[in-house]
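Structure first, then comments.
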Amino acid sequence: MLEQLLSEIAQVPSYNLVGRVLSIKGLLVECSGIEKALSVGARCEIIGLMPHNGVIPKVNCEVVGFREDRALLMPFGNLEGIGLGAKVALLSSESAIYPEDAWLGRVINALGEPLDGKGPLPLGDVPYNLHGKAPAAHTRQRVRGKIDLGIRAINTFLTCCKGQRMGIFSGSGVGKSILMSMLGRYSQADVNVIGLVGERGREVQEFIEDDLGEEGLKRSVVIVATSSESALLRRQAAYVTLCVSEYFRDQGKSVLCVMDSVTRFAMAQREIGLSAGEPPTTKGYTPTVFSELPQLLERAGPGSAGQGSITGMFSVLVEGDDTNEPITDAVRGILDGHIILDRAIAERGRFPAINVLRSVSRTMPDCNNEKENQLVIAARLVISTYENMAEMIRLGAYRRGTDPDVDRAMQIYPAIEKFLAQRKEEQSELSTGYEELAKILGIPWP
């Protein structure tokens with residue numbers, strides 16, 4: 001408690017500095033008078049000069065840049081009622097939250113405030129900087145030890161290890177949110193930290209009550225910033241998600257960090273960058289988008305000695321189903337593997353619509369034993385053989401007996417499709433997945 005108090009006292013300025021609003025252009029506020037006392041990321045409060053709807057408007061802002069002798073601010077809320085000459089006061093030179101074990105089972109916003117009506121959040125003793133850094137590469141532990149994610153297709157064909165970071169790439173309406181909710185409900189991690197970044201407002205309560213459920217919420221912390229909130233809040237929701245994950249990792253726990261979605265984080269950063277005057281590059285994304293992505297995603301992973309791990313599941317909304325668009329391509333190069341949700345598979349009614357041939361887990365060969373790897377290779381070969389001949393089979397152009405491998409694939413493929421399908425109410429255990437797959441392929445197990 002003393003350390004927390006001293007930290008908070010250190011952030012309080014010894015004297016009050018007040019500047020003035022000189023210009024408002026869209027979401028960007030230019031102020032002067034305190035620019036030399038500010039730094040990028042500092043928090044300010046804009047105070048209106050006249051009452052608006054009976055009250056003096058006050059809006060919190062963040063410093064996003066400087067132009068000549070002016071500071072550039074972006075608001076966390078609505079600028080209605082703020083005009084030229086409004087006061088600008090410095091609040092804090094750094095951004096931090098104070099996570100605590102009692103946050104489990106709670107739903108909070110991007111400012112670390114409760115949204116669930118269960119009363120105030122208790123504060124921990126140690127501040128966690130929103131823009132924290134990943135552990136040093138030479139101090140990090142190795143990624144090792146399988147993690148049961150409760151989804152049969154991932155557990156067997158894309159086995160993940162504790163501390164691994166995976167991307168879930170999907171177009172809209174292909175079942176991405178349902179897959180994320182199944183991860184939160186069925187994974188065997190000690191703690192789930194779920195960040196809903198830019199989520200539709202009406203879907204938040206549905207996700208918490210129907211998809212995550214009471215049992216899933218008990219061991220989870222949910223951070224929410226809806227699509228109607230400002231770009232700063234949407235971006236900050238991603239930072240808070242990683243901060244809370246880092247807190248539980250430091251307690252020695254195995255953390256599953258689920259973020260939906262990284263694309264909306266990138267879009268929020270694009271809005272901020274364009275407002276601050278950054279030049280647009282590919283598809284309008286600014287340079288800071290591509291520098292912030294690794295800064296954010298590298299914070300997940302295994303911790304240093306004595307710490308736990310953060311297993312990251314980051315969804316990426318693929319624009320136009322193009323898996324080579326800029327954000328998808330950048331994220332794929334940072335993470336330890338990717339799960340592709342295929343619209344064609346979803347259209348034929350198989351969920352989760354994971355295309356196992358196009359999906360990769362980079363740590364899987366090392367965390368499996370040789371027999372498990374050979375089993376998965378054999379299953380992939382059957383799927384690949386069938387998919388290559390699927391068009392001819394559907395047209396009736398293939399005659400049985402022409403190729404024994406294709407004949408076998410035609411016989412086994414329906415059972416593999418049934419194996420890959422899983423209802424959202426169904427949980428699958430890691431230990432049984434390989435046994436079921438071996439039975440389908442007719443391979444003795446173990």
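Starting from 1 in every chain, residues are counted up; chains themselves are A, B, ... following the order of the structure tokens, and ligands are numbered from 1 as listed.
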
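The helix (DSSP H, G or I) portion of range 72-177 of chain A consists of Asp101, Ala102, Trp103, Ala137, His138, Thr139, Arg152, Ala153, Ile154, Asn155, Thr156, Phe157, Lys176 and Ser177 of chain A, with states taken from DSSP on the backbone.
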
Any chance you could tabulate, as a tab-separated table, the residues of range 109-200 of chain A at most 12 Å from range 334-355 of chain A with each one's nearest atom pair and distance in Å to one decimal, using only C-alpha atoms, in chain and rising number order?
residue	atom	partner	partner_atom	distance
A:Val143	CA	A:Asp336	CA	10.4
A:Ile151	CA	A:Pro352	CA	8.9
A:Arg152	CA	A:Pro352	CA	9.7
A:Ala153	CA	A:Ile354	CA	7.5
A:Ile154	CA	A:Ile339	CA	8.4
A:Asn155	CA	A:Ile339	CA	12.0
A:Phe157	CA	A:Ile354	CA	10.1
A:Leu158	CA	A:Ile339	CA	8.1
A:Thr159	CA	A:Gly337	CA	10.4
A:Cys160	CA	A:Gly337	CA	9.2
A:Cys161	CA	A:Asp336	CA	10.2
A:Lys162	CA	A:Asp336	CA	11.7
A:Gly163	CA	A:Asp336	CA	9.8
A:Gln164	CA	A:Asp336	CA	6.3
A:Arg165	CA	A:Asp336	CA	5.2
A:Met166	CA	A:Gly337	CA	5.0
A:Gly167	CA	A:His338	CA	4.5
A:Ile168	CA	A:Ile339	CA	4.7
A:Phe169	CA	A:Ile340	CA	5.0
A:Ser170	CA	A:Leu341	CA	5.1
A:Gly171	CA	A:Arg343	CA	7.4
A:Ser172	CA	A:Arg343	CA	9.0
A:Gly173	CA	A:Arg343	CA	8.3
A:Val174	CA	A:Arg343	CA	5.8
A:Gly175	CA	A:Pro352	CA	6.6
A:Lys176	CA	A:Leu341	CA	7.4
A:Ser177	CA	A:Pro352	CA	10.4
A:Ile178	CA	A:Pro352	CA	8.2
A:Leu179	CA	A:Pro352	CA	6.6
A:Met180	CA	A:Pro352	CA	10.3
A:Ser181	CA	A:Pro352	CA	11.6
A:Met182	CA	A:Pro352	CA	9.9
A:Leu183	CA	A:Pro352	CA	11.6

With N, CA and C atoms retained, write the just-selected residues as a compact mmCIF listing (two decimals), in the first residue's frame.
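File written: result_17.txt
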# COMPACT_ATOMS: atom_id res chain seq x y z
N VAL A 143 8.97 -22.05 -24.74
CA VAL A 143 7.58 -22.48 -24.87
C VAL A 143 7.55 -24.00 -24.79
N ILE A 151 -11.04 -27.62 -27.83
CA ILE A 151 -11.59 -27.68 -29.19
C ILE A 151 -10.84 -28.77 -29.94
N ARG A 152 -11.55 -29.78 -30.42
CA ARG A 152 -10.95 -30.99 -30.96
C ARG A 152 -10.03 -30.71 -32.15
N ALA A 153 -10.48 -29.87 -33.08
CA ALA A 153 -9.69 -29.59 -34.28
C ALA A 153 -8.36 -28.93 -33.93
N ILE A 154 -8.37 -28.04 -32.94
CA ILE A 154 -7.13 -27.34 -32.55
C ILE A 154 -6.25 -28.27 -31.73
N ASN A 155 -6.83 -28.98 -30.79
CA ASN A 155 -6.04 -29.86 -29.92
C ASN A 155 -5.26 -30.91 -30.70
N PHE A 157 -4.96 -31.20 -34.59
CA PHE A 157 -4.28 -30.77 -35.81
C PHE A 157 -3.40 -29.53 -35.60
N LEU A 158 -3.67 -28.75 -34.54
CA LEU A 158 -2.92 -27.50 -34.32
C LEU A 158 -2.56 -27.38 -32.85
N THR A 159 -2.00 -28.44 -32.30
CA THR A 159 -1.70 -28.49 -30.86
C THR A 159 -0.89 -27.27 -30.43
N CYS A 160 -1.33 -26.63 -29.34
CA CYS A 160 -0.67 -25.41 -28.84
C CYS A 160 0.03 -25.69 -27.52
N CYS A 161 1.08 -24.92 -27.27
CA CYS A 161 1.83 -25.01 -26.01
C CYS A 161 1.56 -23.77 -25.16
N LYS A 162 1.83 -23.88 -23.88
CA LYS A 162 1.66 -22.74 -22.98
C LYS A 162 2.66 -21.64 -23.37
N GLY A 163 2.15 -20.44 -23.55
CA GLY A 163 3.00 -19.32 -23.94
C GLY A 163 3.05 -19.10 -25.44
N GLN A 164 2.33 -19.92 -26.20
CA GLN A 164 2.30 -19.74 -27.65
C GLN A 164 1.32 -18.63 -28.01
N ARG A 165 1.56 -17.99 -29.16
CA ARG A 165 0.67 -16.93 -29.65
C ARG A 165 0.13 -17.34 -31.01
N MET A 166 -1.18 -17.43 -31.12
CA MET A 166 -1.83 -17.87 -32.35
C MET A 166 -2.77 -16.79 -32.86
N GLY A 167 -2.86 -16.68 -34.18
CA GLY A 167 -3.82 -15.78 -34.79
C GLY A 167 -4.99 -16.57 -35.34
N ILE A 168 -6.20 -16.04 -35.18
CA ILE A 168 -7.40 -16.65 -35.75
C ILE A 168 -7.88 -15.72 -36.85
N PHE A 169 -7.64 -16.11 -38.10
CA PHE A 169 -7.93 -15.27 -39.26
C PHE A 169 -9.28 -15.67 -39.85
N SER A 170 -10.15 -14.68 -39.99
CA SER A 170 -11.51 -14.98 -40.44
C SER A 170 -12.16 -13.77 -41.06
N GLY A 171 -12.99 -14.02 -42.08
CA GLY A 171 -13.87 -12.97 -42.58
C GLY A 171 -15.05 -12.80 -41.65
N SER A 172 -15.89 -11.84 -41.92
CA SER A 172 -17.05 -11.61 -41.06
C SER A 172 -18.09 -12.71 -41.27
N GLY A 173 -18.72 -13.15 -40.18
CA GLY A 173 -19.79 -14.13 -40.26
C GLY A 173 -19.36 -15.55 -40.50
N VAL A 174 -18.11 -15.90 -40.14
CA VAL A 174 -17.61 -17.26 -40.37
C VAL A 174 -17.48 -18.03 -39.06
N GLY A 175 -17.89 -17.45 -37.94
CA GLY A 175 -17.87 -18.15 -36.66
C GLY A 175 -16.71 -17.83 -35.77
N LYS A 176 -16.07 -16.70 -36.00
CA LYS A 176 -14.89 -16.32 -35.20
C LYS A 176 -15.25 -16.09 -33.73
N SER A 177 -16.32 -15.34 -33.48
CA SER A 177 -16.69 -15.01 -32.10
C SER A 177 -17.09 -16.26 -31.32
N ILE A 178 -17.79 -17.19 -31.98
CA ILE A 178 -18.19 -18.43 -31.30
C ILE A 178 -16.95 -19.24 -30.93
N LEU A 179 -15.97 -19.31 -31.84
CA LEU A 179 -14.73 -20.03 -31.55
C LEU A 179 -14.00 -19.40 -30.37
N MET A 180 -13.95 -18.06 -30.32
CA MET A 180 -13.29 -17.38 -29.21
C MET A 180 -14.00 -17.66 -27.89
N SER A 181 -15.32 -17.71 -27.92
CA SER A 181 -16.06 -17.99 -26.69
C SER A 181 -15.82 -19.43 -26.22
N MET A 182 -15.69 -20.38 -27.16
CA MET A 182 -15.39 -21.76 -26.78
C MET A 182 -14.01 -21.86 -26.13
N LEU A 183 -13.06 -21.09 -26.64
CA LEU A 183 -11.73 -21.06 -26.02
C LEU A 183 -11.81 -20.56 -24.59

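CA of Arg264 in chain A is found 15.8 Å from CA of Asp321 in chain A.
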
Within 12 Å of Gly145 in chain A using only C-alpha atoms, minus same-chain residues under 3 positions, as a PyMOL selection string: chain A and resi 141-142+148+159-164+189+254+302+309+311+363-364+366-369

Dump as a PDB file, in the first residue's frame, selection limited to N, CA, C and O atoms:
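This went into result.pdb:
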ATOM      1  N   GLN A 141      11.494 -17.873 -20.671  1.00  0.00           N
ATOM      2  CA  GLN A 141      11.545 -19.325 -20.676  1.00  0.00           C
ATOM      3  C   GLN A 141      11.166 -19.850 -22.066  1.00  0.00           C
ATOM      4  O   GLN A 141      10.596 -19.130 -22.877  1.00  0.00           O
ATOM      5  N   ARG A 142      11.457 -21.105 -22.313  1.00  0.00           N
ATOM      6  CA  ARG A 142      11.070 -21.746 -23.568  1.00  0.00           C
ATOM      7  C   ARG A 142       9.569 -22.041 -23.552  1.00  0.00           C
ATOM      8  O   ARG A 142       8.974 -22.273 -22.504  1.00  0.00           O
ATOM      9  N   ASP A 148      -4.569 -27.622 -23.086  1.00  0.00           N
ATOM     10  CA  ASP A 148      -5.838 -28.149 -23.581  1.00  0.00           C
ATOM     11  C   ASP A 148      -6.788 -26.976 -23.794  1.00  0.00           C
ATOM     12  O   ASP A 148      -7.195 -26.308 -22.853  1.00  0.00           O
ATOM     13  N   THR A 159      -1.999 -28.439 -32.296  1.00  0.00           N
ATOM     14  CA  THR A 159      -1.699 -28.486 -30.863  1.00  0.00           C
ATOM     15  C   THR A 159      -0.886 -27.268 -30.432  1.00  0.00           C
ATOM     16  O   THR A 159       0.101 -26.902 -31.067  1.00  0.00           O
ATOM     17  N   CYS A 160      -1.330 -26.625 -29.340  1.00  0.00           N
ATOM     18  CA  CYS A 160      -0.674 -25.411 -28.842  1.00  0.00           C
ATOM     19  C   CYS A 160       0.032 -25.685 -27.520  1.00  0.00           C
ATOM     20  O   CYS A 160      -0.371 -26.567 -26.751  1.00  0.00           O
ATOM     21  N   CYS A 161       1.084 -24.917 -27.266  1.00  0.00           N
ATOM     22  CA  CYS A 161       1.831 -25.008 -26.013  1.00  0.00           C
ATOM     23  C   CYS A 161       1.562 -23.772 -25.164  1.00  0.00           C
ATOM     24  O   CYS A 161       1.150 -22.723 -25.678  1.00  0.00           O
ATOM     25  N   LYS A 162       1.828 -23.883 -23.880  1.00  0.00           N
ATOM     26  CA  LYS A 162       1.662 -22.737 -22.984  1.00  0.00           C
ATOM     27  C   LYS A 162       2.659 -21.639 -23.369  1.00  0.00           C
ATOM     28  O   LYS A 162       3.851 -21.889 -23.496  1.00  0.00           O
ATOM     29  N   GLY A 163       2.147 -20.441 -23.547  1.00  0.00           N
ATOM     30  CA  GLY A 163       2.998 -19.324 -23.939  1.00  0.00           C
ATOM     31  C   GLY A 163       3.053 -19.104 -25.443  1.00  0.00           C
ATOM     32  O   GLY A 163       3.717 -18.185 -25.910  1.00  0.00           O
ATOM     33  N   GLN A 164       2.331 -19.923 -26.201  1.00  0.00           N
ATOM     34  CA  GLN A 164       2.297 -19.744 -27.652  1.00  0.00           C
ATOM     35  C   GLN A 164       1.323 -18.625 -28.012  1.00  0.00           C
ATOM     36  O   GLN A 164       0.364 -18.349 -27.293  1.00  0.00           O
ATOM     37  N   ALA A 189      -6.560 -23.266 -19.037  1.00  0.00           N
ATOM     38  CA  ALA A 189      -5.702 -22.244 -18.434  1.00  0.00           C
ATOM     39  C   ALA A 189      -6.236 -21.876 -17.058  1.00  0.00           C
ATOM     40  O   ALA A 189      -7.432 -22.037 -16.768  1.00  0.00           O
ATOM     41  N   SER A 254      -0.972 -19.750 -15.461  1.00  0.00           N
ATOM     42  CA  SER A 254      -1.081 -19.955 -16.910  1.00  0.00           C
ATOM     43  C   SER A 254      -2.284 -19.151 -17.387  1.00  0.00           C
ATOM     44  O   SER A 254      -3.424 -19.429 -16.999  1.00  0.00           O
ATOM     45  N   PRO A 302       5.738 -16.716 -23.085  1.00  0.00           N
ATOM     46  CA  PRO A 302       6.250 -17.204 -21.798  1.00  0.00           C
ATOM     47  C   PRO A 302       6.907 -16.084 -21.012  1.00  0.00           C
ATOM     48  O   PRO A 302       7.490 -15.163 -21.601  1.00  0.00           O
ATOM     49  N   SER A 309       2.831 -17.934 -17.791  1.00  0.00           N
ATOM     50  CA  SER A 309       2.886 -17.705 -19.231  1.00  0.00           C
ATOM     51  C   SER A 309       1.579 -17.081 -19.697  1.00  0.00           C
ATOM     52  O   SER A 309       0.541 -17.206 -19.044  1.00  0.00           O
ATOM     53  N   THR A 311      -0.685 -17.407 -22.970  1.00  0.00           N
ATOM     54  CA  THR A 311      -0.998 -18.016 -24.258  1.00  0.00           C
ATOM     55  C   THR A 311      -1.960 -17.083 -24.972  1.00  0.00           C
ATOM     56  O   THR A 311      -3.052 -16.810 -24.479  1.00  0.00           O
ATOM     57  N   THR A 363       4.801 -24.441 -33.070  1.00  0.00           N
ATOM     58  CA  THR A 363       5.405 -25.168 -31.951  1.00  0.00           C
ATOM     59  C   THR A 363       4.939 -26.618 -31.885  1.00  0.00           C
ATOM     60  O   THR A 363       5.459 -27.395 -31.086  1.00  0.00           O
ATOM     61  N   MET A 364       3.974 -26.989 -32.719  1.00  0.00           N
ATOM     62  CA  MET A 364       3.382 -28.326 -32.617  1.00  0.00           C
ATOM     63  C   MET A 364       4.379 -29.468 -32.793  1.00  0.00           C
ATOM     64  O   MET A 364       4.360 -30.433 -32.009  1.00  0.00           O
ATOM     65  N   ASP A 366       7.401 -29.822 -31.989  1.00  0.00           N
ATOM     66  CA  ASP A 366       8.275 -30.024 -30.832  1.00  0.00           C
ATOM     67  C   ASP A 366       7.519 -30.432 -29.576  1.00  0.00           C
ATOM     68  O   ASP A 366       8.101 -31.062 -28.684  1.00  0.00           O
ATOM     69  N   CYS A 367       6.239 -30.062 -29.477  1.00  0.00           N
ATOM     70  CA  CYS A 367       5.511 -30.405 -28.246  1.00  0.00           C
ATOM     71  C   CYS A 367       4.804 -31.761 -28.360  1.00  0.00           C
ATOM     72  O   CYS A 367       4.333 -32.296 -27.358  1.00  0.00           O
ATOM     73  N   ASN A 368       4.724 -32.309 -29.574  1.00  0.00           N
ATOM     74  CA  ASN A 368       4.162 -33.654 -29.762  1.00  0.00           C
ATOM     75  C   ASN A 368       5.269 -34.702 -29.797  1.00  0.00           C
ATOM     76  O   ASN A 368       6.419 -34.388 -30.114  1.00  0.00           O
ATOM     77  N   ASN A 369       4.909 -35.938 -29.506  1.00  0.00           N
ATOM     78  CA  ASN A 369       5.881 -37.011 -29.716  1.00  0.00           C
ATOM     79  C   ASN A 369       5.797 -37.473 -31.171  1.00  0.00           C
ATOM     80  O   ASN A 369       4.911 -37.060 -31.932  1.00  0.00           O
TER      81      ASN A 369
END

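Counting only C-alpha atoms and comparing A:Ile108, A:Ile327, A:Leu91, A:Leu317, the residue that lies closest to Lys283 in chain A is A:Ile327.
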
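When only C-alpha atoms are used to measure the gap to Asn109 in chain A, the shortest distance among A:Gly48, A:Gly195, A:Gly306, A:Gly54 belongs to A:Gly195.
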